[in-house]
file target.cif (mmCIF, C-alpha atoms and all ligand atoms)
data_query
#
loop_
_atom_site.label_atom_id
_atom_site.label_comp_id
_atom_site.auth_asym_id
_atom_site.auth_seq_id
_atom_site.Cartn_x
_atom_site.Cartn_y
_atom_site.Cartn_z
CA MET N 1 -133.09 -80.91 -108.68
CA LYS N 2 -135.04 -77.81 -107.64
CA THR N 3 -134.61 -74.77 -109.87
CA ALA N 4 -132.89 -72.04 -107.83
CA GLU N 5 -134.35 -68.53 -107.63
CA ILE N 6 -131.53 -66.07 -108.27
CA LEU N 7 -132.34 -62.46 -107.58
CA ILE N 8 -130.05 -59.64 -108.68
CA LEU N 9 -130.61 -56.16 -107.26
CA GLY N 10 -129.39 -53.21 -109.33
CA ALA N 11 -128.55 -53.13 -113.05
CA GLY N 12 -125.46 -50.96 -112.98
CA TYR N 13 -122.05 -52.36 -113.84
CA GLY N 14 -122.24 -55.10 -111.22
CA GLY N 15 -125.83 -56.23 -111.65
CA ILE N 16 -126.04 -56.20 -115.43
CA MET N 17 -122.72 -57.98 -115.93
CA THR N 18 -123.62 -60.66 -113.35
CA THR N 19 -126.90 -61.16 -115.21
CA LEU N 20 -125.19 -61.48 -118.60
CA HIS N 21 -122.71 -64.04 -117.27
CA LEU N 22 -125.38 -66.05 -115.44
CA GLN N 23 -127.70 -66.24 -118.44
CA LYS N 24 -124.83 -67.89 -120.32
CA LEU N 25 -123.59 -70.11 -117.47
CA LEU N 26 -126.86 -71.55 -116.17
CA SER N 27 -129.41 -73.77 -117.83
CA ILE N 28 -133.12 -73.00 -117.38
CA GLN N 29 -133.38 -76.02 -115.05
CA GLU N 30 -130.51 -74.81 -112.88
CA GLY N 31 -131.63 -71.27 -112.16
CA ARG N 32 -134.41 -68.72 -112.69
CA ILE N 33 -132.83 -65.28 -112.92
CA THR N 34 -134.66 -62.11 -111.86
CA LEU N 35 -133.09 -58.67 -112.24
CA VAL N 36 -134.57 -55.67 -110.42
CA ASN N 37 -133.66 -52.08 -111.26
CA LYS N 38 -135.17 -48.68 -110.54
CA HIS N 39 -135.17 -47.73 -114.21
CA ARG N 40 -135.89 -49.62 -117.41
CA TYR N 41 -132.44 -48.59 -118.61
CA HIS N 42 -128.83 -49.29 -117.65
CA TYR N 43 -126.38 -46.40 -117.58
CA GLN N 44 -122.62 -46.04 -117.25
CA THR N 45 -122.08 -44.29 -113.94
CA THR N 46 -118.57 -43.46 -115.16
CA LEU N 47 -120.01 -41.08 -117.77
CA LEU N 48 -122.48 -39.21 -115.57
CA HIS N 49 -120.17 -36.21 -115.14
CA GLU N 50 -120.52 -35.54 -118.88
CA ASN N 51 -124.32 -35.69 -118.65
CA ALA N 52 -124.29 -33.42 -115.60
CA ALA N 53 -122.14 -30.78 -117.30
CA GLY N 54 -124.15 -31.08 -120.51
CA THR N 55 -121.23 -32.01 -122.75
CA ALA N 56 -122.94 -35.31 -123.63
CA HIS N 57 -126.64 -36.06 -123.67
CA GLN N 58 -127.90 -38.69 -121.26
CA ASP N 59 -129.50 -40.69 -124.08
CA ASN N 60 -126.00 -41.61 -125.30
CA ASN N 61 -125.34 -43.04 -121.88
CA ARG N 62 -128.32 -45.30 -121.44
CA VAL N 63 -129.28 -48.60 -122.88
CA ASN N 64 -132.63 -50.33 -122.51
CA ILE N 65 -132.10 -53.33 -120.27
CA ASP N 66 -134.42 -55.44 -122.46
CA GLU N 67 -132.06 -54.85 -125.38
CA VAL N 68 -129.03 -56.42 -123.70
CA ILE N 69 -130.43 -59.24 -121.57
CA ASP N 70 -131.96 -62.43 -122.91
CA THR N 71 -135.58 -61.80 -121.98
CA LYS N 72 -136.37 -65.48 -122.38
CA ARG N 73 -133.85 -66.31 -119.66
CA VAL N 74 -134.12 -63.30 -117.38
CA ASN N 75 -137.20 -61.83 -115.74
CA PHE N 76 -136.59 -58.09 -115.60
CA VAL N 77 -138.58 -56.16 -112.97
CA GLN N 78 -138.55 -52.37 -113.09
CA ASP N 79 -139.11 -51.40 -109.48
CA GLU N 80 -137.37 -49.91 -106.49
CA VAL N 81 -135.93 -52.11 -103.77
CA CYS N 82 -137.17 -50.91 -100.36
CA GLU N 83 -136.01 -53.60 -97.98
CA ILE N 84 -133.94 -56.76 -97.96
CA GLN N 85 -135.18 -59.26 -95.34
CA THR N 86 -132.34 -61.73 -95.07
CA ALA N 87 -133.93 -64.03 -92.46
CA GLU N 88 -136.99 -64.55 -94.67
CA LYS N 89 -134.89 -64.56 -97.87
CA ARG N 90 -137.10 -61.96 -99.47
CA VAL N 91 -136.94 -58.48 -100.94
CA LEU N 92 -139.69 -55.89 -100.68
CA LEU N 93 -140.31 -53.55 -103.60
CA LYS N 94 -141.88 -50.10 -103.75
CA SER N 95 -144.80 -51.40 -105.82
CA GLY N 96 -145.77 -53.63 -102.88
CA LYS N 97 -144.47 -56.80 -104.54
CA THR N 98 -142.30 -59.28 -102.64
CA LEU N 99 -139.61 -61.33 -104.35
CA LEU N 100 -138.23 -64.52 -102.80
CA TYR N 101 -134.74 -65.80 -103.45
CA ASP N 102 -132.46 -68.74 -102.91
CA TYR N 103 -129.42 -66.66 -103.91
CA LEU N 104 -129.21 -62.90 -103.86
CA VAL N 105 -126.75 -60.55 -105.54
CA VAL N 106 -126.72 -57.03 -104.10
CA ALA N 107 -125.34 -54.53 -106.62
CA LEU N 108 -127.16 -51.36 -105.63
CA GLY N 109 -124.25 -48.96 -106.06
CA PHE N 110 -123.40 -45.86 -104.05
CA GLU N 111 -124.95 -42.85 -102.36
CA PRO N 112 -123.30 -39.51 -101.67
CA ALA N 113 -121.64 -39.28 -98.25
CA THR N 114 -122.09 -35.81 -96.80
CA PHE N 115 -120.24 -36.46 -93.51
CA GLY N 116 -122.91 -34.54 -91.59
CA ILE N 117 -121.95 -31.23 -93.22
CA PRO N 118 -124.99 -29.02 -92.57
CA GLY N 119 -127.00 -28.05 -95.63
CA LEU N 120 -125.21 -30.26 -98.16
CA LYS N 121 -128.11 -32.69 -98.52
CA GLU N 122 -130.61 -29.88 -98.92
CA HIS N 123 -128.73 -27.36 -101.05
CA SER N 124 -126.23 -29.23 -103.19
CA PHE N 125 -126.49 -31.58 -106.14
CA SER N 126 -124.70 -34.89 -106.48
CA ILE N 127 -123.71 -36.79 -109.62
CA ARG N 128 -125.36 -40.11 -108.80
CA SER N 129 -127.85 -41.06 -111.50
CA ILE N 130 -129.17 -40.02 -114.90
CA ASN N 131 -132.01 -38.11 -113.23
CA GLU N 132 -129.64 -36.20 -110.95
CA ALA N 133 -127.21 -35.50 -113.78
CA ARG N 134 -130.04 -34.12 -115.92
CA LYS N 135 -131.16 -31.92 -113.00
CA ILE N 136 -127.66 -30.45 -112.69
CA ARG N 137 -127.40 -29.80 -116.42
CA GLU N 138 -130.80 -28.12 -116.56
CA HIS N 139 -130.16 -26.11 -113.41
CA ILE N 140 -126.91 -24.67 -114.80
CA GLN N 141 -128.48 -23.95 -118.16
CA CYS N 142 -131.50 -22.31 -116.57
CA THR N 143 -129.31 -20.16 -114.30
CA PHE N 144 -127.32 -18.94 -117.30
CA ALA N 145 -130.56 -18.28 -119.19
CA ARG N 146 -131.91 -16.13 -116.33
CA TYR N 147 -128.68 -14.20 -115.83
CA HIS N 148 -129.58 -11.21 -118.02
CA HIS N 149 -132.82 -10.74 -116.09
CA GLU N 150 -131.43 -10.94 -112.56
CA LYS N 151 -127.74 -10.01 -113.07
CA ARG N 152 -126.49 -11.63 -109.82
CA ASP N 153 -122.80 -12.66 -109.94
CA GLU N 154 -123.49 -15.83 -107.95
CA MET N 155 -125.63 -17.12 -110.82
CA LEU N 156 -122.41 -17.64 -112.75
CA ALA N 157 -120.47 -19.25 -109.89
CA LEU N 158 -120.21 -23.04 -110.19
CA VAL N 159 -118.88 -24.64 -107.00
CA VAL N 160 -117.66 -28.23 -107.07
CA GLY N 161 -116.97 -29.74 -103.65
CA GLY N 162 -114.27 -32.42 -103.75
CA ALA N 163 -111.23 -32.85 -105.98
CA GLY N 164 -111.24 -36.64 -106.27
CA PHE N 165 -111.82 -38.51 -109.50
CA THR N 166 -115.46 -37.46 -110.01
CA GLY N 167 -114.94 -33.85 -108.93
CA ILE N 168 -111.99 -33.28 -111.27
CA GLU N 169 -113.62 -35.05 -114.21
CA PHE N 170 -116.70 -32.86 -113.72
CA VAL N 171 -114.61 -29.69 -113.47
CA GLY N 172 -112.92 -30.72 -116.74
CA GLU N 173 -116.32 -31.00 -118.43
CA LEU N 174 -117.43 -27.62 -117.05
CA VAL N 175 -114.32 -26.00 -118.53
CA GLU N 176 -115.51 -27.26 -121.90
CA ARG N 177 -119.19 -26.49 -121.39
CA VAL N 178 -118.99 -22.93 -120.05
CA PRO N 179 -117.84 -21.26 -123.33
CA VAL N 180 -120.72 -22.96 -125.16
CA LEU N 181 -123.25 -21.72 -122.60
CA CYS N 182 -121.74 -18.22 -122.64
CA LYS N 183 -122.11 -18.08 -126.41
CA GLU N 184 -125.67 -19.33 -126.25
CA TYR N 185 -126.77 -16.86 -123.55
CA ASP N 186 -124.59 -13.87 -124.53
CA ILE N 187 -122.57 -13.92 -121.33
CA ASP N 188 -119.02 -12.63 -120.99
CA PRO N 189 -117.00 -15.82 -120.14
CA SER N 190 -114.74 -13.86 -117.79
CA LYS N 191 -117.74 -13.41 -115.46
CA VAL N 192 -118.11 -17.19 -114.93
CA ARG N 193 -116.29 -18.84 -112.03
CA ILE N 194 -115.56 -22.56 -111.76
CA ILE N 195 -114.51 -23.12 -108.17
CA ASN N 196 -113.14 -26.39 -106.83
CA ILE N 197 -112.98 -26.82 -103.07
CA GLU N 198 -110.99 -29.64 -101.50
CA ALA N 199 -110.18 -30.37 -97.86
CA GLY N 200 -106.91 -32.13 -98.76
CA GLN N 201 -103.78 -30.30 -99.87
CA THR N 202 -103.88 -31.72 -103.38
CA ILE N 203 -106.31 -32.72 -106.08
CA LEU N 204 -106.70 -36.34 -107.24
CA PRO N 205 -105.38 -38.11 -104.13
CA GLY N 206 -103.81 -41.44 -105.01
CA PHE N 207 -102.62 -40.31 -108.45
CA ALA N 208 -98.91 -39.96 -109.23
CA PRO N 209 -97.61 -36.43 -108.44
CA GLU N 210 -96.75 -35.71 -112.10
CA LEU N 211 -100.33 -36.51 -113.12
CA VAL N 212 -101.71 -34.38 -110.30
CA ASN N 213 -99.54 -31.44 -111.42
CA TYR N 214 -100.49 -31.95 -115.05
CA ALA N 215 -104.22 -31.93 -114.27
CA TYR N 216 -103.93 -29.02 -111.83
CA ASN N 217 -102.00 -26.83 -114.27
CA TYR N 218 -104.25 -27.74 -117.18
CA LEU N 219 -107.40 -26.78 -115.30
CA LYS N 220 -105.88 -23.73 -113.58
CA ASN N 221 -104.69 -22.37 -116.93
CA ARG N 222 -108.30 -22.60 -118.09
CA GLY N 223 -109.52 -20.47 -115.24
CA VAL N 224 -110.49 -23.00 -112.57
CA GLU N 225 -110.11 -21.55 -109.06
CA PHE N 226 -108.81 -24.12 -106.59
CA TYR N 227 -109.38 -23.77 -102.87
CA LEU N 228 -107.21 -26.57 -101.48
CA GLY N 229 -106.91 -27.35 -97.77
CA ARG N 230 -110.37 -25.78 -97.24
CA MET N 231 -113.33 -27.62 -95.77
CA ILE N 232 -116.89 -26.89 -96.74
CA LYS N 233 -118.32 -26.06 -93.33
CA THR N 234 -121.88 -25.32 -94.34
CA CYS N 235 -123.88 -25.28 -97.53
CA THR N 236 -126.69 -22.72 -97.67
CA PRO N 237 -129.22 -21.64 -100.29
CA ASP N 238 -126.73 -18.84 -101.10
CA GLY N 239 -123.60 -20.97 -101.56
CA VAL N 240 -120.99 -22.39 -99.20
CA ILE N 241 -119.04 -21.32 -96.17
CA ILE N 242 -115.53 -22.71 -96.29
CA ALA N 243 -113.01 -22.84 -93.48
CA GLN N 244 -109.27 -23.14 -93.08
CA GLY N 245 -108.46 -23.35 -89.38
CA ASP N 246 -110.35 -20.48 -87.74
CA ASP N 247 -110.67 -18.51 -90.97
CA GLU N 248 -114.02 -18.67 -92.66
CA GLU N 249 -115.09 -17.39 -96.03
CA GLU N 250 -118.42 -17.35 -97.83
CA ILE N 251 -118.56 -18.19 -101.52
CA LYS N 252 -121.86 -17.20 -103.00
CA ALA N 253 -123.01 -19.57 -105.72
CA ASP N 254 -126.33 -20.66 -107.15
CA THR N 255 -124.80 -24.01 -108.12
CA VAL N 256 -123.06 -26.33 -105.67
CA VAL N 257 -122.25 -29.88 -106.73
CA TRP N 258 -120.93 -32.21 -104.03
CA THR N 259 -118.55 -34.97 -105.14
CA GLY N 260 -116.54 -35.16 -101.91
CA GLY N 261 -117.50 -38.64 -100.79
CA VAL N 262 -119.53 -41.74 -101.50
CA GLN N 263 -120.80 -44.62 -99.42
CA GLY N 264 -122.56 -47.89 -100.15
CA ASN N 265 -126.32 -47.89 -100.72
CA SER N 266 -127.98 -47.54 -97.30
CA LEU N 267 -130.25 -50.54 -97.97
CA VAL N 268 -127.21 -52.74 -97.43
CA GLY N 269 -126.58 -51.42 -93.92
CA GLN N 270 -130.27 -51.78 -93.13
CA CYS N 271 -130.19 -55.52 -93.72
CA GLY N 272 -128.02 -56.02 -90.69
CA PHE N 273 -124.54 -56.65 -92.11
CA PRO N 274 -121.66 -54.85 -90.43
CA THR N 275 -120.71 -51.97 -92.72
CA ALA N 276 -118.05 -49.30 -92.95
CA ARG N 277 -119.22 -46.25 -94.88
CA GLY N 278 -122.21 -48.27 -95.99
CA ARG N 279 -120.08 -51.05 -97.49
CA VAL N 280 -120.05 -54.69 -96.45
CA GLU N 281 -116.68 -56.34 -96.03
CA VAL N 282 -117.30 -59.44 -98.12
CA ARG N 283 -115.53 -62.75 -97.92
CA LYS N 284 -112.98 -63.70 -100.59
CA ASP N 285 -115.71 -65.46 -102.58
CA LEU N 286 -117.80 -62.22 -102.49
CA ARG N 287 -120.39 -63.55 -100.07
CA ALA N 288 -121.62 -61.44 -97.18
CA PRO N 289 -120.37 -62.33 -93.71
CA HIS N 290 -122.43 -65.11 -92.08
CA ASP N 291 -124.80 -65.52 -95.01
CA ASP N 292 -123.96 -68.14 -97.61
CA HIS N 293 -126.80 -67.08 -99.91
CA ILE N 294 -125.97 -63.42 -100.41
CA PHE N 295 -123.28 -61.95 -102.64
CA VAL N 296 -122.47 -58.24 -102.41
CA ILE N 297 -120.50 -56.61 -105.21
CA GLY N 298 -119.45 -53.23 -106.59
CA ASP N 299 -119.76 -50.04 -104.57
CA CYS N 300 -121.74 -51.80 -101.82
CA ALA N 301 -118.81 -54.14 -101.07
CA VAL N 302 -115.34 -53.93 -99.60
CA LEU N 303 -112.98 -56.59 -100.89
CA TYR N 304 -109.38 -56.62 -99.69
CA ASP N 305 -106.49 -56.92 -102.10
CA GLU N 306 -104.13 -59.42 -100.48
CA GLN N 307 -101.10 -57.98 -102.27
CA THR N 308 -101.50 -54.44 -101.00
CA GLY N 309 -103.45 -55.23 -97.82
CA ARG N 310 -105.86 -52.45 -98.80
CA PRO N 311 -109.40 -52.58 -100.17
CA TYR N 312 -109.80 -52.44 -103.92
CA PRO N 313 -110.97 -48.97 -104.92
CA PRO N 314 -114.68 -48.77 -105.72
CA SER N 315 -114.50 -48.70 -109.48
CA ALA N 316 -116.23 -49.97 -112.58
CA GLN N 317 -113.30 -52.14 -113.66
CA ILE N 318 -113.16 -53.96 -110.31
CA THR N 319 -116.95 -54.30 -110.24
CA ILE N 320 -117.04 -55.85 -113.73
CA GLN N 321 -114.46 -58.45 -112.68
CA GLN N 322 -116.38 -59.15 -109.46
CA ALA N 323 -119.56 -59.68 -111.50
CA GLU N 324 -117.90 -62.43 -113.53
CA GLY N 325 -116.53 -64.09 -110.39
CA CYS N 326 -119.88 -63.79 -108.63
CA ALA N 327 -121.71 -65.52 -111.51
CA GLU N 328 -119.14 -68.33 -111.53
CA ASN N 329 -119.46 -68.79 -107.79
CA ILE N 330 -123.26 -68.97 -108.00
CA LYS N 331 -122.87 -71.69 -110.62
CA ALA N 332 -120.38 -73.51 -108.32
CA LEU N 333 -122.82 -73.29 -105.39
CA LEU N 334 -125.60 -74.79 -107.48
CA LYS N 335 -123.34 -77.64 -108.52
CA GLY N 336 -122.07 -78.21 -104.97
CA GLN N 337 -118.54 -77.31 -106.03
CA PRO N 338 -116.03 -75.25 -104.03
CA LEU N 339 -116.23 -71.46 -104.53
CA LYS N 340 -113.19 -69.61 -105.82
CA GLU N 341 -111.47 -66.62 -104.31
CA ILE N 342 -112.02 -63.50 -106.38
CA LYS N 343 -108.84 -61.55 -107.04
CA PRO N 344 -109.58 -58.68 -109.42
CA GLU N 345 -106.68 -57.21 -111.32
CA PHE N 346 -106.33 -53.42 -111.08
CA LYS N 347 -105.16 -52.42 -114.53
CA GLY N 348 -104.91 -48.70 -113.95
CA THR N 349 -107.15 -45.73 -114.32
CA VAL N 350 -107.77 -42.85 -116.72
CA ALA N 351 -109.43 -39.58 -115.73
CA SER N 352 -110.81 -37.27 -118.39
CA LEU N 353 -110.37 -33.50 -118.24
CA GLY N 354 -113.02 -32.72 -120.83
CA SER N 355 -113.14 -34.45 -124.20
CA GLU N 356 -109.72 -33.31 -125.41
CA GLU N 357 -107.49 -34.00 -122.43
CA ALA N 358 -106.98 -36.83 -119.97
CA ILE N 359 -104.45 -38.31 -117.59
CA GLY N 360 -103.93 -41.83 -116.44
CA ILE N 361 -101.83 -44.75 -115.46
CA VAL N 362 -102.30 -47.97 -117.38
CA PHE N 363 -100.40 -51.16 -116.52
CA GLY N 364 -98.03 -48.99 -114.49
CA LYS N 365 -97.34 -46.56 -117.34
CA ILE N 366 -98.20 -42.88 -117.07
CA ILE N 367 -100.11 -41.40 -120.00
CA VAL N 368 -101.43 -37.90 -120.68
CA GLY N 369 -102.95 -35.96 -123.60
CA THR N 370 -104.04 -37.71 -126.80
CA LYS N 371 -102.81 -41.15 -125.65
CA ALA N 372 -104.91 -40.90 -122.50
CA VAL N 373 -107.94 -39.59 -124.41
CA ILE N 374 -107.72 -42.56 -126.79
CA MET N 375 -107.27 -44.99 -123.91
CA LYS N 376 -110.38 -43.61 -122.18
CA LYS N 377 -112.40 -44.15 -125.37
CA ILE N 378 -111.03 -47.69 -125.71
CA ILE N 379 -112.11 -48.46 -122.14
CA ASP N 380 -115.62 -47.07 -122.72
CA ASN N 381 -115.99 -48.80 -126.09
CA ARG N 382 -114.71 -52.11 -124.75
CA TYR N 383 -117.39 -52.00 -122.10
CA LEU N 384 -120.12 -51.34 -124.67
CA TYR N 385 -118.89 -54.32 -126.66
CA MET N 386 -119.01 -56.53 -123.55
CA LEU N 387 -122.51 -55.28 -122.81
CA GLY N 388 -124.18 -55.50 -126.19
CA GLY N 389 -121.68 -56.67 -128.82
CA PHE N 390 -120.92 -54.89 -132.10
CA ASN N 391 -124.44 -53.54 -132.56
CA LEU N 392 -124.35 -51.59 -129.31
CA LEU N 393 -120.77 -50.49 -129.93
CA LEU N 394 -121.71 -49.08 -133.33
CA LYS N 395 -124.78 -47.35 -131.87
CA LYS N 396 -123.22 -45.79 -128.77
CA GLY N 397 -119.46 -46.05 -129.21
CA LYS N 398 -117.09 -43.10 -129.07
CA PHE N 399 -115.12 -42.95 -132.31
CA LYS N 400 -114.57 -39.24 -132.85
CA LEU N 401 -111.18 -38.21 -131.54
CA PHE N 402 -111.57 -34.42 -131.21
P1 LIG R 1 -123.78 -48.65 -110.26
O1 LIG R 1 -123.11 -48.87 -111.55
O2 LIG R 1 -123.91 -47.25 -109.76
O3 LIG R 1 -125.23 -49.34 -110.35
C1 LIG R 1 -126.17 -49.33 -109.30
C2 LIG R 1 -127.54 -49.60 -109.91
O4 LIG R 1 -128.48 -49.83 -108.87
C3 LIG R 1 -128.08 -48.42 -110.73
O5 LIG R 1 -128.58 -48.89 -111.95
C4 LIG R 1 -129.21 -47.87 -109.86
O6 LIG R 1 -130.27 -47.29 -110.61
C5 LIG R 1 -129.68 -49.14 -109.15
N1 LIG R 1 -130.35 -48.89 -107.88
C6 LIG R 1 -129.90 -48.13 -106.85
N2 LIG R 1 -130.78 -48.16 -105.84
C7 LIG R 1 -131.80 -48.95 -106.23
C8 LIG R 1 -133.00 -49.39 -105.61
N3 LIG R 1 -133.32 -49.01 -104.36
N4 LIG R 1 -133.82 -50.20 -106.30
C9 LIG R 1 -133.51 -50.61 -107.56
N5 LIG R 1 -132.38 -50.24 -108.19
C10 LIG R 1 -131.54 -49.42 -107.53
N6 LIG R 1 -114.83 -46.21 -112.08
C11 LIG R 1 -113.88 -46.60 -112.96
O7 LIG R 1 -113.42 -47.75 -112.90
N7 LIG R 1 -113.39 -45.74 -113.91
C12 LIG R 1 -113.86 -44.48 -114.07
O8 LIG R 1 -113.41 -43.74 -114.95
C13 LIG R 1 -114.89 -44.02 -113.17
N8 LIG R 1 -115.43 -42.79 -113.31
C14 LIG R 1 -116.49 -42.41 -112.52
C15 LIG R 1 -117.09 -41.18 -112.75
C16 LIG R 1 -118.18 -40.78 -111.99
C17 LIG R 1 -118.85 -39.46 -112.29
C18 LIG R 1 -118.66 -41.64 -110.94
C19 LIG R 1 -119.84 -41.20 -110.10
C20 LIG R 1 -118.06 -42.87 -110.70
C21 LIG R 1 -116.97 -43.27 -111.48
N9 LIG R 1 -116.37 -44.54 -111.30
C22 LIG R 1 -115.36 -44.94 -112.16
C23 LIG R 1 -116.85 -45.46 -110.26
C24 LIG R 1 -117.84 -46.48 -110.86
O9 LIG R 1 -118.82 -45.81 -111.62
C25 LIG R 1 -118.53 -47.30 -109.78
O10 LIG R 1 -117.54 -47.89 -108.97
C26 LIG R 1 -119.41 -48.40 -110.41
O11 LIG R 1 -120.49 -47.78 -111.08
C27 LIG R 1 -119.94 -49.38 -109.36
O12 LIG R 1 -120.84 -50.28 -109.97
P2 LIG R 1 -122.14 -50.77 -109.16
O13 LIG R 1 -122.77 -51.82 -110.00
O14 LIG R 1 -121.78 -51.08 -107.76
O15 LIG R 1 -123.07 -49.46 -109.09
#
call {"tool": "encode", "arguments": {"input": "target.cif", "output": "structure tokens"}}
result
Amino acid sequence: MKTAEILILGAGYGGIMTTLHLQKLLSIQEGRITLVNKHRYHYQTTLLHENAAGTAHQDNNRVNIDEVIDTKRVNFVQDEVCEIQTAEKRVLLKSGKTLLYDYLVVALGFEPATFGIPGLKEHSFSIRSINEARKIREHIQCTFARYHHEKRDEMLALVVGGAGFTGIEFVGELVERVPVLCKEYDIDPSKVRIINIEAGQTILPGFAPELVNYAYNYLKNRGVEFYLGRMIKTCTPDGVIIAQGDDEEEIKADTVVWTGGVQGNSLVGQCGFPTARGRVEVRKDLRAPHDDHIFVIGDCAVLYDEQTGRPYPPSAQITIQQAEGCAENIKALLKGQPLKEIKPEFKGTVASLGSEEAIGIVFGKIIVGTKAVIMKKIIDNRYLYMLGGFNLLLKKGKFKLF
């Protein structure tokens, strides 16, 4: 039996968990596993808003890939994927290397979707990686540090575009971070504005109304200015122009962070699969349409939930379950067995509003406050345990309550 070349692209939630399952499931004779990732480290995308605001350092949120994979079983390649050539079954890397595969797992995550809004790409930040998060943190800190020299009000205006999960979690972190920065740079906190702009009429679409109200009131009482039902029309070097019908208003701000939309990694669309917002609608076994050798998982994939008739939301919990199913299906393919349908279970979701407040729904039950904060820590710690066992949990786990 020929040893299969299994190539996994991306070491986020989807890629790293597929790798960990495969290294356990397959013998050396059955499959050679190669994992490619831009960075030598894995990070939890779900914690990037903390790194971007500066409430948690990025080093707490990254783990060397070599420390969690079995390096005797997995060949880790730090490189950037530039092109996937499906007809030739090969992947081109930035370094000039080419990797061949028998089976490919695409887990390259998301990109910001700017919906063609002029200036957003050029003048706003997005919370998409450790590098971007660090840039946002340093930009805000640097702007506060320069304030006493330039004294422009817009230096203290922090605009967040989008009031979905990421936008609201980031706003929650800013609420916590701003007093610390004000103390450090001798700035009157009442001069700082945290402004959240959302085209919809409400924050946190998809959440139960009582949770939406709870989060809205919590953040509003801490000074967040909400502009709901307003579209960002243009982003400029000076801030944003927002519109409601024919009315337009300029908000001057040195910091604009766009969280208003995401799409699948554009490399996926470039390899010829039909995509909607950069995501491939995968078959029930997670394989791409018309290609039995390619699995697409996580934020690059759309998988329909038969019960609701709607796609599963792009989320870490669904991605982790897909990764397990994907590894099992690769094993089944190698053994010539039938592939199983992957039906992830959506267990609920918890959104943080800073480190001391959170809201969520878990197994259909609404939780807020301390219960939700604890639940969020349990979710994060459970993941660390899955990733690197007790050692990693003890090193990186969140145990402090407040
Ligand atoms: P990712 O985990 O993003 O991994 C993609 C990987 O691919 C990264 O390591 C990246 O470096 C690598 N990569 C990208 N391009 C290349 C390339 N060209 N070459 C090589 N490597 C590349 N979901 C939840 O369930 N709960 C939450 O509380 C939650 N909170 C979130 C908070 C924030 C701020 C954000 C942004 C998202 C949140 N999500 C949450 C969504 C969740 O993070 C994603 O759905 C999940 O990360 C998807 O996993 P993935 O493996 O597809 O992508």
call {"tool": "residues_around", "arguments": {"input": "target.cif", "residues": "N:Ile367", "least_positions_apart": "5", "cutoff": "9 Å", "atoms": "all atoms listed in the file", "output": "list in words"}}
result
Leu211, Val350, Ala358, Ile359, Gly360, Ile361, Val362, Ala372 and Met375 of chain N
call {"tool": "write_last_selection", "arguments": {"input": "target.cif", "atoms": "C-alpha atoms", "output": "PDB file, keeping the file's coordinate frame"}}
result
ATOM      1  CA  LEU N 211    -100.330 -36.510-113.120  1.00  0.00           C
ATOM      2  CA  VAL N 350    -107.770 -42.850-116.720  1.00  0.00           C
ATOM      3  CA  ALA N 358    -106.980 -36.830-119.970  1.00  0.00           C
ATOM      4  CA  ILE N 359    -104.450 -38.310-117.590  1.00  0.00           C
ATOM      5  CA  GLY N 360    -103.930 -41.830-116.440  1.00  0.00           C
ATOM      6  CA  ILE N 361    -101.830 -44.750-115.460  1.00  0.00           C
ATOM      7  CA  VAL N 362    -102.300 -47.970-117.380  1.00  0.00           C
ATOM      8  CA  ALA N 372    -104.910 -40.900-122.500  1.00  0.00           C
ATOM      9  CA  MET N 375    -107.270 -44.990-123.910  1.00  0.00           C
TER      10      MET N 375
END
call {"tool": "atom_distance", "arguments": {"input": "target.cif", "atom1": "atom CA of N:Leu339", "atom2": "atom CA of N:Asp285"}}
result
6.3 Å
call {"tool": "closest_atom_pairs", "arguments": {"input": "target.cif", "of": "chain N", "to": "ligand LIG 1 (chain R)", "cutoff": "7 Å", "atoms": "all atoms listed in the file", "output": "tab-separated table"}}
result
residue	atom	partner	partner_atom	distance
N:Leu9	CA	R:LIG1	N5	6.2
N:Gly10	CA	R:LIG1	O4	3.5
N:Ala11	CA	R:LIG1	O5	4.4
N:Gly12	CA	R:LIG1	O3	3.1
N:Tyr13	CA	R:LIG1	O13	3.9
N:Gly14	CA	R:LIG1	O13	3.5
N:Gly15	CA	R:LIG1	O13	5.6
N:Val36	CA	R:LIG1	C9	5.9
N:Asn37	CA	R:LIG1	N5	3.8
N:Lys38	CA	R:LIG1	C9	3.9
N:His39	CA	R:LIG1	O6	6.1
N:His42	CA	R:LIG1	O5	5.7
N:Tyr43	CA	R:LIG1	O5	6.5
N:Gln44	CA	R:LIG1	O1	6.4
N:Thr45	CA	R:LIG1	O9	4.3
N:Thr46	CA	R:LIG1	C14	3.5
N:Leu47	CA	R:LIG1	C15	5.8
N:Leu48	CA	R:LIG1	C17	4.9
N:His49	CA	R:LIG1	C17	4.5
N:Asp79	CA	R:LIG1	C9	6.0
N:Glu80	CA	R:LIG1	N4	3.6
N:Val81	CA	R:LIG1	N4	3.8
N:Cys82	CA	R:LIG1	N3	5.9
N:Ala107	CA	R:LIG1	O13	5.0
N:Leu108	CA	R:LIG1	O4	3.8
N:Gly109	CA	R:LIG1	O15	3.3
N:Phe110	CA	R:LIG1	O2	5.9
N:Ile127	CA	R:LIG1	C19	5.9
N:Arg128	CA	R:LIG1	C19	5.8
N:Ser129	CA	R:LIG1	O6	6.7
N:Phe165	CA	R:LIG1	C15	6.7
N:Thr166	CA	R:LIG1	C17	4.5
N:Asn265	CA	R:LIG1	N2	6.8
N:Ile297	CA	R:LIG1	O14	6.2
N:Gly298	CA	R:LIG1	O14	3.4
N:Asp299	CA	R:LIG1	O14	3.9
N:Cys300	CA	R:LIG1	O14	6.0
N:Pro314	CA	R:LIG1	O10	4.4
N:Ser315	CA	R:LIG1	O10	3.2
N:Ala316	CA	R:LIG1	O7	3.6
N:Gln317	CA	R:LIG1	O7	4.5
N:Ile318	CA	R:LIG1	O7	6.7
N:Thr319	CA	R:LIG1	O12	5.6
N:Thr349	CA	R:LIG1	N7	6.3
N:Val350	CA	R:LIG1	O8	6.0
N:Ala351	CA	R:LIG1	O8	5.8
